[in-house]
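Data block for model.pdb (PDB, C-alpha atoms and all ligand atoms):
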```pdb
ATOM      1  CA  MET A 971       1.513   5.402  -9.372
ATOM      2  CA  SER A 972      -0.212   8.443  -7.956
ATOM      3  CA  ASN A 973      -1.143   6.979  -4.586
ATOM      4  CA  LEU A 974       2.454   6.094  -3.758
ATOM      5  CA  ILE A 975       4.095   7.971  -0.868
ATOM      6  CA  ASP A 976       7.637   8.765  -1.999
ATOM      7  CA  GLY A 977       9.566   8.685   1.280
ATOM      8  CA  LYS A 978      12.895   8.939  -0.478
ATOM      9  CA  ALA A 979      11.989  12.236  -2.149
ATOM     10  CA  PHE A 980      10.341  13.582   1.005
ATOM     11  CA  ALA A 981      13.401  12.701   3.097
ATOM     12  CA  GLN A 982      15.718  14.381   0.586
ATOM     13  CA  ASN A 983      13.559  17.498   0.768
ATOM     14  CA  LEU A 984      13.604  17.423   4.565
ATOM     15  CA  ARG A 985      17.407  17.121   4.594
ATOM     16  CA  GLN A 986      17.562  20.141   2.276
ATOM     17  CA  THR A 987      15.351  22.094   4.680
ATOM     18  CA  ILE A 988      17.574  21.091   7.622
ATOM     19  CA  THR A 989      20.657  22.199   5.652
ATOM     20  CA  THR A 990      19.133  25.627   5.011
ATOM     21  CA  GLN A 991      17.992  26.009   8.637
ATOM     22  CA  THR A 992      21.440  24.961   9.879
ATOM     23  CA  ALA A 993      23.106  27.689   7.806
ATOM     24  CA  GLU A 994      20.575  30.297   8.977
ATOM     25  CA  LEU A 995      20.903  29.383  12.662
ATOM     26  CA  GLU A 996      24.692  29.366  12.425
ATOM     27  CA  LYS A 997      24.617  32.861  10.932
ATOM     28  CA  LYS A 998      22.256  34.134  13.627
ATOM     29  CA  HIS A 999      23.518  32.307  16.727
ATOM     30  CA  HIS A1000      27.084  31.237  15.776
ATOM     31  CA  ILE A1001      26.358  27.653  16.676
ATOM     32  CA  ARG A1002      25.902  24.529  14.578
ATOM     33  CA  PRO A1003      24.382  21.146  15.402
ATOM     34  CA  GLY A1004      26.790  18.443  16.582
ATOM     35  CA  LEU A1005      25.895  14.757  16.337
ATOM     36  CA  ALA A1006      27.860  11.958  18.015
ATOM     37  CA  VAL A1007      27.186   8.385  16.924
ATOM     38  CA  ILE A1008      28.556   5.457  18.921
ATOM     39  CA  LEU A1009      28.935   2.056  17.290
ATOM     40  CA  VAL A1010      30.128  -0.869  19.385
ATOM     41  CA  GLY A1011      31.247  -3.960  17.480
ATOM     42  CA  GLU A1012      31.209  -5.069  13.872
ATOM     43  CA  ASP A1013      27.550  -5.688  12.989
ATOM     44  CA  PRO A1014      27.515  -5.179   9.177
ATOM     45  CA  ALA A1015      24.015  -3.645   8.976
ATOM     46  CA  SER A1016      24.866  -1.229  11.814
ATOM     47  CA  GLN A1017      28.070  -0.205  10.034
ATOM     48  CA  VAL A1018      26.044   0.781   6.959
ATOM     49  CA  TYR A1019      23.482   2.735   9.043
ATOM     50  CA  VAL A1020      26.230   4.567  10.939
ATOM     51  CA  ARG A1021      28.094   5.478   7.755
ATOM     52  CA  ASN A1022      24.878   6.942   6.309
ATOM     53  CA  LYS A1023      24.149   8.913   9.475
ATOM     54  CA  GLU A1024      27.650  10.390   9.345
ATOM     55  CA  LYS A1025      27.422  11.181   5.623
ATOM     56  CA  PHE A1026      24.050  12.951   5.845
ATOM     57  CA  ALA A1027      25.022  14.843   9.023
ATOM     58  CA  ILE A1028      28.046  16.274   7.209
ATOM     59  CA  GLU A1029      25.907  17.073   4.148
ATOM     60  CA  CYS A1030      23.593  19.121   6.375
ATOM     61  CA  GLY A1031      26.547  21.131   7.690
ATOM     62  CA  PHE A1032      26.624  19.474  11.120
ATOM     63  CA  LYS A1033      29.643  18.659  13.211
ATOM     64  CA  SER A1034      29.725  14.865  13.062
ATOM     65  CA  GLU A1035      31.698  12.594  15.375
ATOM     66  CA  THR A1036      31.583   8.819  15.058
ATOM     67  CA  PHE A1037      33.003   6.575  17.769
ATOM     68  CA  ARG A1038      33.727   3.054  16.534
ATOM     69  CA  LEU A1039      34.422   0.940  19.615
ATOM     70  CA  SER A1040      35.635  -2.640  19.726
ATOM     71  CA  THR A1041      33.221  -5.493  20.539
ATOM     72  CA  ASP A1042      34.881  -6.034  23.928
ATOM     73  CA  THR A1043      34.211  -2.467  25.140
ATOM     74  CA  THR A1044      33.036  -2.604  28.756
ATOM     75  CA  GLN A1045      29.891  -1.069  30.204
ATOM     76  CA  VAL A1046      32.062   1.285  32.288
ATOM     77  CA  GLU A1047      33.998   2.482  29.219
ATOM     78  CA  LEU A1048      30.804   3.073  27.251
ATOM     79  CA  LEU A1049      29.184   4.978  30.129
ATOM     80  CA  ALA A1050      32.334   7.100  30.480
ATOM     81  CA  LEU A1051      32.141   8.090  26.795
ATOM     82  CA  ILE A1052      28.453   8.998  27.141
ATOM     83  CA  ASP A1053      29.285  11.095  30.210
ATOM     84  CA  GLN A1054      32.007  12.906  28.268
ATOM     85  CA  LEU A1055      29.582  13.625  25.390
ATOM     86  CA  ASN A1056      26.817  14.713  27.795
ATOM     87  CA  ASN A1057      29.271  17.375  29.019
ATOM     88  CA  ASP A1058      30.496  18.452  25.570
ATOM     89  CA  ALA A1059      28.707  21.691  24.592
ATOM     90  CA  THR A1060      29.549  21.173  20.889
ATOM     91  CA  ILE A1061      27.620  17.875  20.821
ATOM     92  CA  HIS A1062      23.829  18.267  20.826
ATOM     93  CA  GLY A1063      22.780  14.770  19.809
ATOM     94  CA  ILE A1064      24.064  11.397  21.020
ATOM     95  CA  LEU A1065      23.023   8.153  19.335
ATOM     96  CA  VAL A1066      24.120   4.702  20.452
ATOM     97  CA  GLN A1067      23.573   2.347  17.524
ATOM     98  CA  LEU A1068      21.529  -0.741  18.438
ATOM     99  CA  PRO A1069      21.777  -3.648  18.871
ATOM    100  CA  LEU A1070      24.652  -3.568  21.359
ATOM    101  CA  PRO A1071      26.828  -6.649  21.951
ATOM    102  CA  LYS A1072      25.105  -8.984  24.428
ATOM    103  CA  HIS A1073      27.406  -8.285  27.404
ATOM    104  CA  LEU A1074      26.343  -4.619  27.481
ATOM    105  CA  HIS A1075      23.272  -3.452  29.379
ATOM    106  CA  GLU A1076      21.233  -1.586  26.771
ATOM    107  CA  GLU A1077      18.688   0.009  29.077
ATOM    108  CA  GLU A1078      21.345   1.425  31.412
ATOM    109  CA  VAL A1079      23.295   2.785  28.423
ATOM    110  CA  LEU A1080      20.282   4.522  26.854
ATOM    111  CA  ASN A1081      19.185   5.950  30.202
ATOM    112  CA  ALA A1082      22.652   7.472  30.711
ATOM    113  CA  ILE A1083      22.187   9.836  27.756
ATOM    114  CA  ASN A1084      21.098  13.360  28.713
ATOM    115  CA  PRO A1085      17.402  13.381  27.622
ATOM    116  CA  LEU A1086      17.944  16.704  25.817
ATOM    117  CA  LYS A1087      20.667  15.004  23.721
ATOM    118  CA  ASP A1088      18.720  11.776  23.182
ATOM    119  CA  VAL A1089      18.048  12.191  19.448
ATOM    120  CA  ASP A1090      16.568   8.674  19.248
ATOM    121  CA  GLY A1091      13.842   9.757  21.687
ATOM    122  CA  PHE A1092      14.188   6.450  23.599
ATOM    123  CA  HIS A1093      14.923   7.887  27.080
ATOM    124  CA  PRO A1094      12.064   7.499  29.617
ATOM    125  CA  VAL A1095      11.967  11.299  30.009
ATOM    126  CA  ASN A1096      11.336  11.703  26.272
ATOM    127  CA  ILE A1097       8.713   8.953  26.296
ATOM    128  CA  GLY A1098       7.039  10.670  29.256
ATOM    129  CA  GLN A1099       7.156  14.139  27.680
ATOM    130  CA  LEU A1100       5.582  12.759  24.506
ATOM    131  CA  SER A1101       2.849  11.041  26.492
ATOM    132  CA  ILE A1102       1.867  14.284  28.269
ATOM    133  CA  GLY A1103       1.749  16.100  24.936
ATOM    134  CA  LYS A1104       4.870  18.209  25.577
ATOM    135  CA  PRO A1105       7.512  16.403  23.534
ATOM    136  CA  TYR A1106      11.215  17.247  23.660
ATOM    137  CA  LEU A1107      12.645  14.689  21.208
ATOM    138  CA  ILE A1108      10.343  12.269  19.349
ATOM    139  CA  PRO A1109      11.465   8.795  18.142
ATOM    140  CA  CYS A1110      12.549   9.142  14.507
ATOM    141  CA  THR A1111      10.493   6.451  12.753
ATOM    142  CA  PRO A1112       7.111   7.498  14.222
ATOM    143  CA  LEU A1113       7.968  11.156  13.592
ATOM    144  CA  GLY A1114       8.856  10.386   9.968
ATOM    145  CA  SER A1115       5.611   8.439   9.563
ATOM    146  CA  LEU A1116       3.565  11.359  10.895
ATOM    147  CA  LEU A1117       5.290  13.832   8.560
ATOM    148  CA  LEU A1118       4.479  11.605   5.559
ATOM    149  CA  LEU A1119       0.831  11.334   6.649
ATOM    150  CA  GLN A1120       0.484  15.092   7.144
ATOM    151  CA  ASP A1121       2.055  15.737   3.760
ATOM    152  CA  LYS A1122      -0.715  13.735   2.068
ATOM    153  CA  LEU A1123      -3.714  14.270   4.365
ATOM    154  CA  GLY A1124      -2.983  17.803   5.548
ATOM    155  CA  LYS A1125      -1.729  18.998   8.954
ATOM    156  CA  ASP A1126      -5.106  18.482  10.625
ATOM    157  CA  LEU A1127      -5.742  14.785  11.264
ATOM    158  CA  SER A1128      -8.574  15.451  13.776
ATOM    159  CA  GLY A1129     -11.137  12.705  14.116
ATOM    160  CA  LYS A1130      -9.395  10.235  11.854
ATOM    161  CA  HIS A1131      -9.393   6.662  13.082
ATOM    162  CA  ALA A1132      -5.854   5.302  13.095
ATOM    163  CA  VAL A1133      -5.191   1.608  13.660
ATOM    164  CA  ILE A1134      -1.609   0.769  14.586
ATOM    165  CA  VAL A1135      -0.614  -2.858  14.212
ATOM    166  CA  GLY A1136       2.234  -3.474  16.677
ATOM    167  CA  ARG A1137       2.926  -2.257  20.215
ATOM    168  CA  SER A1138       6.707  -1.831  20.318
ATOM    169  CA  ASN A1139       8.305   0.826  22.508
ATOM    170  CA  ILE A1140      10.159   2.361  19.571
ATOM    171  CA  VAL A1141       7.359   2.512  16.973
ATOM    172  CA  GLY A1142       3.848   1.366  17.974
ATOM    173  CA  LYS A1143       3.532   3.114  21.343
ATOM    174  CA  PRO A1144       5.139   6.463  20.388
ATOM    175  CA  MET A1145       3.111   6.435  17.135
ATOM    176  CA  MET A1146      -0.018   6.084  19.271
ATOM    177  CA  GLN A1147       0.983   9.115  21.355
ATOM    178  CA  LEU A1148       1.839  11.200  18.293
ATOM    179  CA  LEU A1149      -1.434  10.459  16.498
ATOM    180  CA  LEU A1150      -3.355  11.088  19.716
ATOM    181  CA  SER A1151      -1.609  14.461  20.013
ATOM    182  CA  GLN A1152      -2.922  15.171  16.505
ATOM    183  CA  ASN A1153      -6.470  14.392  17.681
ATOM    184  CA  CYS A1154      -6.817  11.031  15.963
ATOM    185  CA  THR A1155      -8.848   8.219  17.496
ATOM    186  CA  VAL A1156      -6.220   5.546  17.975
ATOM    187  CA  THR A1157      -6.486   1.771  18.261
ATOM    188  CA  ILE A1158      -3.476  -0.454  18.861
ATOM    189  CA  ALA A1159      -3.702  -4.019  17.593
ATOM    190  CA  HIS A1160      -1.148  -6.663  18.559
ATOM    191  CA  SER A1161      -0.506 -10.391  18.577
ATOM    192  CA  ARG A1162      -3.302 -11.076  21.101
ATOM    193  CA  THR A1163      -5.906  -8.894  19.373
ATOM    194  CA  LYS A1164      -8.989 -10.961  18.447
ATOM    195  CA  ASP A1165      -9.842  -9.653  14.989
ATOM    196  CA  VAL A1166      -7.134  -7.399  13.559
ATOM    197  CA  ALA A1167      -8.656  -7.580  10.059
ATOM    198  CA  SER A1168     -12.001  -6.012  11.036
ATOM    199  CA  LEU A1169     -10.284  -3.323  13.114
ATOM    200  CA  CYS A1170      -8.095  -2.376  10.140
ATOM    201  CA  ARG A1171     -11.150  -2.259   7.849
ATOM    202  CA  GLU A1172     -12.522   0.577  10.047
ATOM    203  CA  ALA A1173      -9.323   2.608   9.779
ATOM    204  CA  ASP A1174      -8.727   5.858   7.914
ATOM    205  CA  ILE A1175      -5.020   5.370   8.701
ATOM    206  CA  VAL A1176      -3.262   2.005   9.075
ATOM    207  CA  VAL A1177       0.265   1.915  10.501
ATOM    208  CA  ALA A1178       1.875  -1.533  10.284
ATOM    209  CA  ALA A1179       4.874  -2.073  12.572
ATOM    210  CA  VAL A1180       5.077  -5.712  13.612
ATOM    211  CA  GLY A1181       7.942  -7.214  11.628
ATOM    212  CA  VAL A1182       5.827  -9.930  10.006
ATOM    213  CA  PRO A1183       6.116  -9.999   6.203
ATOM    214  CA  LYS A1184       2.829  -9.103   4.438
ATOM    215  CA  LEU A1185       0.722  -9.630   7.570
ATOM    216  CA  VAL A1186      -1.715  -6.850   6.608
ATOM    217  CA  LYS A1187      -3.764  -8.071   3.651
ATOM    218  CA  GLY A1188      -5.147  -5.952   0.810
ATOM    219  CA  ASP A1189      -8.776  -6.534   1.810
ATOM    220  CA  TRP A1190      -8.054  -5.208   5.343
ATOM    221  CA  ILE A1191      -7.649  -1.749   3.825
ATOM    222  CA  LYS A1192     -10.717   0.452   3.489
ATOM    223  CA  LYS A1193     -11.089   2.238   0.126
ATOM    224  CA  GLY A1194      -9.386   5.616   0.452
ATOM    225  CA  ALA A1195      -7.370   4.823   3.582
ATOM    226  CA  ALA A1196      -3.750   5.890   4.107
ATOM    227  CA  VAL A1197      -1.276   3.073   4.769
ATOM    228  CA  ILE A1198       2.110   3.493   6.452
ATOM    229  CA  ASP A1199       4.255   0.366   6.314
ATOM    230  CA  VAL A1200       7.106   0.481   8.825
ATOM    231  CA  GLY A1201       8.175  -3.139   8.283
ATOM    232  CA  ILE A1202      11.458  -4.058   6.616
ATOM    233  CA  ASN A1203      11.588  -7.840   6.196
ATOM    234  CA  ARG A1204      14.037  -9.823   4.113
ATOM    235  CA  ILE A1205      12.291 -12.794   2.472
ATOM    236  CA  GLU A1206      13.168 -15.547   0.005
ATOM    237  CA  GLU A1207      10.972 -15.499  -3.084
ATOM    238  CA  ASP A1208      11.583 -17.433  -6.319
ATOM    239  CA  GLY A1209      15.107 -18.239  -5.112
ATOM    240  CA  LYS A1210      15.957 -14.570  -4.540
ATOM    241  CA  THR A1211      15.993 -12.496  -1.373
ATOM    242  CA  ARG A1212      14.030  -9.264  -1.377
ATOM    243  CA  LEU A1213      12.722  -6.663   1.046
ATOM    244  CA  VAL A1214       9.024  -6.572   1.830
ATOM    245  CA  GLY A1215       7.002  -4.685   4.389
ATOM    246  CA  ASP A1216       4.371  -5.769   6.907
ATOM    247  CA  VAL A1217       1.677  -4.978   4.312
ATOM    248  CA  ASP A1218       0.809  -7.009   1.219
ATOM    249  CA  PHE A1219       1.621  -4.028  -0.990
ATOM    250  CA  ASP A1220       0.440  -5.402  -4.370
ATOM    251  CA  GLU A1221      -3.072  -5.946  -3.002
ATOM    252  CA  ALA A1222      -3.301  -3.032  -0.540
ATOM    253  CA  VAL A1223      -2.279  -0.529  -3.207
ATOM    254  CA  LYS A1224      -5.588  -1.244  -4.983
ATOM    255  CA  ASN A1225      -7.617   0.108  -2.040
ATOM    256  CA  ALA A1226      -5.348   2.682  -0.413
ATOM    257  CA  ALA A1227      -5.550   6.372  -1.306
ATOM    258  CA  TYR A1228      -1.932   6.647  -0.148
ATOM    259  CA  ILE A1229       0.585   3.943   0.666
ATOM    260  CA  THR A1230       4.312   3.759   1.466
ATOM    261  CA  PRO A1231       6.358   1.239  -0.544
ATOM    262  CA  VAL A1232       9.129  -0.909   0.974
ATOM    263  CA  PRO A1233      11.862   0.052   0.344
ATOM    264  CA  GLY A1234      11.591   3.807  -0.301
ATOM    265  CA  GLY A1235       8.761   4.681   2.078
ATOM    266  CA  VAL A1236       9.312   5.150   5.810
ATOM    267  CA  GLY A1237      12.921   3.863   5.750
ATOM    268  CA  PRO A1238      14.635   7.003   4.396
ATOM    269  CA  MET A1239      12.636   9.164   6.833
ATOM    270  CA  THR A1240      14.351   7.690   9.891
ATOM    271  CA  ILE A1241      17.759   9.267   9.218
ATOM    272  CA  ALA A1242      16.187  12.520   7.984
ATOM    273  CA  CYS A1243      14.299  12.756  11.289
ATOM    274  CA  LEU A1244      17.474  11.996  13.240
ATOM    275  CA  LEU A1245      18.981  15.120  11.623
ATOM    276  CA  ARG A1246      15.780  17.054  12.343
ATOM    277  CA  ASN A1247      15.995  15.916  15.978
ATOM    278  CA  THR A1248      19.642  16.996  16.237
ATOM    279  CA  LEU A1249      18.658  20.492  15.140
ATOM    280  CA  THR A1250      15.766  20.440  17.635
ATOM    281  CA  ALA A1251      18.180  19.267  20.369
ATOM    282  CA  MET A1252      20.531  22.167  19.638
ATOM    283  CA  CYS A1253      17.600  24.588  19.912
ATOM    284  CA  LEU A1254      16.388  23.019  23.187
ATOM    285  CA  GLN A1255      19.847  23.236  24.758
ATOM    286  CA  ASN A1256      20.387  26.855  23.738
ATOM    287  CA  ASN A1257      16.935  28.424  24.206
ATOM    288  CA  ILE A1258      16.569  28.941  20.465
ATOM    289  CA  GLU A1259      13.113  28.670  18.875
ATOM    290  CA  ASP A1260      12.847  25.354  16.991
ATOM    291  CA  PRO A1261      11.990  26.089  13.330
ATOM    292  CA  ASN A1262      10.425  22.608  13.028
ATOM    293  CA  LYS A1263       8.025  22.567  15.952
ATOM    294  CA  LEU A1264       5.148  20.155  15.148
TER     295      LEU A1264
HETATM  296  N1  LIG B   1      19.334   0.316  15.024
HETATM  297  C1  LIG B   1      18.387   0.196  14.055
HETATM  298  N2  LIG B   1      17.587   1.289  14.044
HETATM  299  C2  LIG B   1      18.037   2.114  15.015
HETATM  300  C3  LIG B   1      17.623   3.399  15.479
HETATM  301  O1  LIG B   1      16.657   4.003  15.011
HETATM  302  N3  LIG B   1      18.349   3.917  16.497
HETATM  303  C4  LIG B   1      19.393   3.265  17.057
HETATM  304  N4  LIG B   1      20.023   3.851  18.064
HETATM  305  N5  LIG B   1      19.798   2.070  16.646
HETATM  306  C5  LIG B   1      19.121   1.509  15.629
END
```

Would you mind writing the structure in this file as structure tokens?
Ligand code: GUN
Amino acid sequence: MSNLIDGKAFAQNLRQTITTQTAELEKKHHIRPGLAVILVGEDPASQVYVRNKEKFAIECGFKSETFRLSTDTTQVELLALIDQLNNDATIHGILVQLPLPKHLHEEEVLNAINPLKDVDGFHPVNIGQLSIGKPYLIPCTPLGSLLLLQDKLGKDLSGKHAVIVGRSNIVGKPMMQLLLSQNCTVTIAHSRTKDVASLCREADIVVAAVGVPKLVKGDWIKKGAAVIDVGINRIEEDGKTRLVGDVDFDEAVKNAAYITPVPGGVGPMTIACLLRNTLTAMCLQNNIEDPNKL
């Protein structure tokens, strides 16, 4: 299908680029990116994500350190580890895998990470820098979505009308800031929006990030629009479980000029952008020019 956006292939390509850049920067500056990932508890999905982050970091030539902490780790212990990593010059990126066990205070934990090492881009300083158009580290899923869009539509997205369905802090809102920084006209639709369908029908770009299976219908998509589906929902269909996005793919694909499938669209971009951010973080912390500046 020619209008399919192959996120898996794009992510693989991006990881290859990061690998090459890592080798070049190490040769020139005698320094290589270091990524620390902290996992607290036994959540099975988180264990898979963390293993993949570790595997791809090593593949790119990074120093990779994974801290697997028991479920009963205290807030004080976790903050002490973050403090230690904040002060470790060989670690440029720190990621605390979410969700954390309920007894831990997520906001305090995330805010304890040095913003220049916050490769998730969740720290208020990073959110603020993005919103004033001077980003340090950009949240991975919105960044990956933008890279996929620019690959298909070209770098210049000026004047395009983007409708984002969903207003989360980790996808919807940073996606709005990113597209605005690229001179798009941006509308955010959410659960209280009166007529999401007609807003979407006006859009050159639709980004769906609400976590509701197949919420965005095929006839909401204007002919020739680009569709980015951030949703990953597990549903039961014909007695089997399968993954679907927030967009009714089978219908939307008939109208869209470009569309991401689920799985294999935005998903693989998240880890690739985490690696990209780790390289950016190393550059920021060492006054090295970032080869991947947007
Ligand atoms: N859990 C699921 N996705 C993510 C992510 O992007 N970052 C972190 N830190 N935890 C997650």

Task: All residues 8 Å or closer to Gln1255 (chain A), all atoms listed in the file, same chain fewer than 4 positions away omitted, as a PyMOL selection string - done: chain A and resi 1062+1086+1251

Put a box with edges along x, y and z around all the listed atoms of ligand LIG 1 (chain B), pad it by 5 Å on each side, then give me its centre and sizes in Å, one decimal, as JSON.
```
{"center_x": 18.3, "center_y": 2.1, "center_z": 16.1, "size_x": 13.4, "size_y": 13.8, "size_z": 14.0}
```

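Here CA of Pro1069 (chain A) and atom N4 of ligand LIG 1 (chain B) stand 7.7 Å from one another.
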
Task: Cut-off 10 Å, only C-alpha atoms and all ligand atoms, neighbours of ligand LIG 1 (chain B) as JSON, numbers by chain - done: {"A": [1007, 1008, 1009, 1015, 1016, 1019, 1020, 1064, 1065, 1066, 1067, 1068, 1069, 1070, 1080, 1088, 1089, 1090, 1091, 1092, 1109, 1110, 1111, 1140, 1141, 1237, 1240, 1241, 1243, 1244]}

- [ ] Using the chain letters and residue numbers of this document, give as a PyMOL selection string the residues selected by the PyMOL selection byres (((chain A and resi 1138) around 12) and not hetatm).
- [x] chain A and resi 1092+1109+1111-1112+1134-1137+1139-1146+1158-1161+1178-1181+1200

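The list of residues with at least one atom within 10 Å of Arg1212 (chain A), based on only C-alpha atoms and without residues fewer than 3 positions apart in the same chain, reads Ile1202, Asn1203, Arg1204, Ile1205, Glu1206, Glu1207, Asp1208, Gly1209, Val1232 and Pro1233 of chain A.
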
Open item on the list: Excluding region 1045-1050 of chain A and its own-chain neighbours fewer than 4 positions away, which residues fall within 12 Å of it when counting all atoms listed in the file? Please give them as number ranges by chain.
Closed with: A: 1008-1010, 1037-1041, 1054-1057, 1066, 1070-1084

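Separating CA of Thr1060 (chain A) from CA of Tyr1106 (chain A) is a distance of 19.0 Å.
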
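In this comparison, which uses all atoms listed in the file, the residue of A:Trp1190, A:Ala979, A:Thr992, A:Arg985 approaching Lys1025 (chain A) most closely is A:Arg985.
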
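Here the PyMOL selection byres (((chain A and resi 1248) around 8) and not hetatm) matches the residues Pro1003, Gly1004, Leu1005, His1062, Gly1063, Lys1087, Val1089, Leu1244, Leu1245, Arg1246, Asn1247, Leu1249, Thr1250, Ala1251 and Met1252 of chain A.
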
Open item on the list: For a quick check of understanding, using all atoms listed in the file, which of A:Lys1023, A:Lys1210, A:Lys1193, A:His1131 has the smallest distance to Val1176 (chain A)?
Closed with: A:His1131

Some atoms are absent from region 980-996 of chain A, so rebuild N, CA, C and O atoms and return them as a short mmCIF file (atom, residue, chain, number, x, y, z; two decimals), keeping the file's coordinate frame.
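Output (rebuild-v2.cif):
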```cif
data_model
loop_
_atom_site.label_atom_id
_atom_site.label_comp_id
_atom_site.auth_asym_id
_atom_site.auth_seq_id
_atom_site.Cartn_x
_atom_site.Cartn_y
_atom_site.Cartn_z
N PHE A 980 10.71 12.74 -0.13
CA PHE A 980 10.34 13.58 1.00
C PHE A 980 11.52 13.75 1.96
O PHE A 980 11.79 14.85 2.46
N ALA A 981 12.25 12.66 2.18
CA ALA A 981 13.40 12.70 3.10
C ALA A 981 14.50 13.61 2.54
O ALA A 981 15.14 14.37 3.28
N GLN A 982 14.70 13.54 1.24
CA GLN A 982 15.72 14.38 0.59
C GLN A 982 15.37 15.87 0.76
O GLN A 982 16.22 16.69 1.08
N ASN A 983 14.07 16.15 0.57
CA ASN A 983 13.56 17.50 0.77
C ASN A 983 13.75 17.99 2.20
O ASN A 983 14.16 19.12 2.44
N LEU A 984 13.47 17.09 3.14
CA LEU A 984 13.60 17.42 4.57
C LEU A 984 15.07 17.71 4.89
O LEU A 984 15.39 18.66 5.61
N ARG A 985 15.99 16.88 4.34
CA ARG A 985 17.41 17.12 4.59
C ARG A 985 17.84 18.47 4.03
O ARG A 985 18.65 19.18 4.62
N GLN A 986 17.25 18.84 2.88
CA GLN A 986 17.56 20.14 2.28
C GLN A 986 17.09 21.27 3.20
O GLN A 986 17.81 22.25 3.42
N THR A 987 15.89 21.09 3.74
CA THR A 987 15.35 22.09 4.68
C THR A 987 16.26 22.23 5.90
O THR A 987 16.57 23.33 6.34
N ILE A 988 16.70 21.08 6.43
CA ILE A 988 17.57 21.09 7.62
C ILE A 988 18.90 21.80 7.30
O ILE A 988 19.43 22.56 8.10
N THR A 989 19.41 21.56 6.08
CA THR A 989 20.66 22.20 5.65
C THR A 989 20.50 23.72 5.65
O THR A 989 21.35 24.46 6.16
N THR A 990 19.40 24.19 5.07
CA THR A 990 19.13 25.63 5.01
C THR A 990 18.98 26.21 6.42
O THR A 990 19.57 27.25 6.75
N GLN A 991 18.21 25.51 7.27
CA GLN A 991 17.99 26.01 8.64
C GLN A 991 19.30 26.04 9.43
O GLN A 991 19.54 26.96 10.21
N THR A 992 20.15 25.03 9.19
CA THR A 992 21.44 24.96 9.88
C THR A 992 22.29 26.19 9.54
O THR A 992 22.87 26.83 10.42
N ALA A 993 22.32 26.53 8.25
CA ALA A 993 23.11 27.69 7.81
C ALA A 993 22.54 28.98 8.41
O ALA A 993 23.29 29.83 8.89
N GLU A 994 21.20 29.09 8.44
CA GLU A 994 20.58 30.30 8.98
C GLU A 994 20.84 30.44 10.48
O GLU A 994 21.16 31.52 10.96
N LEU A 995 20.71 29.32 11.20
CA LEU A 995 20.90 29.38 12.66
C LEU A 995 22.37 29.66 13.00
O LEU A 995 22.67 30.34 13.98
N GLU A 996 23.27 29.14 12.18
CA GLU A 996 24.69 29.37 12.42
C GLU A 996 25.03 30.86 12.23
O GLU A 996 25.77 31.44 13.03
#
```
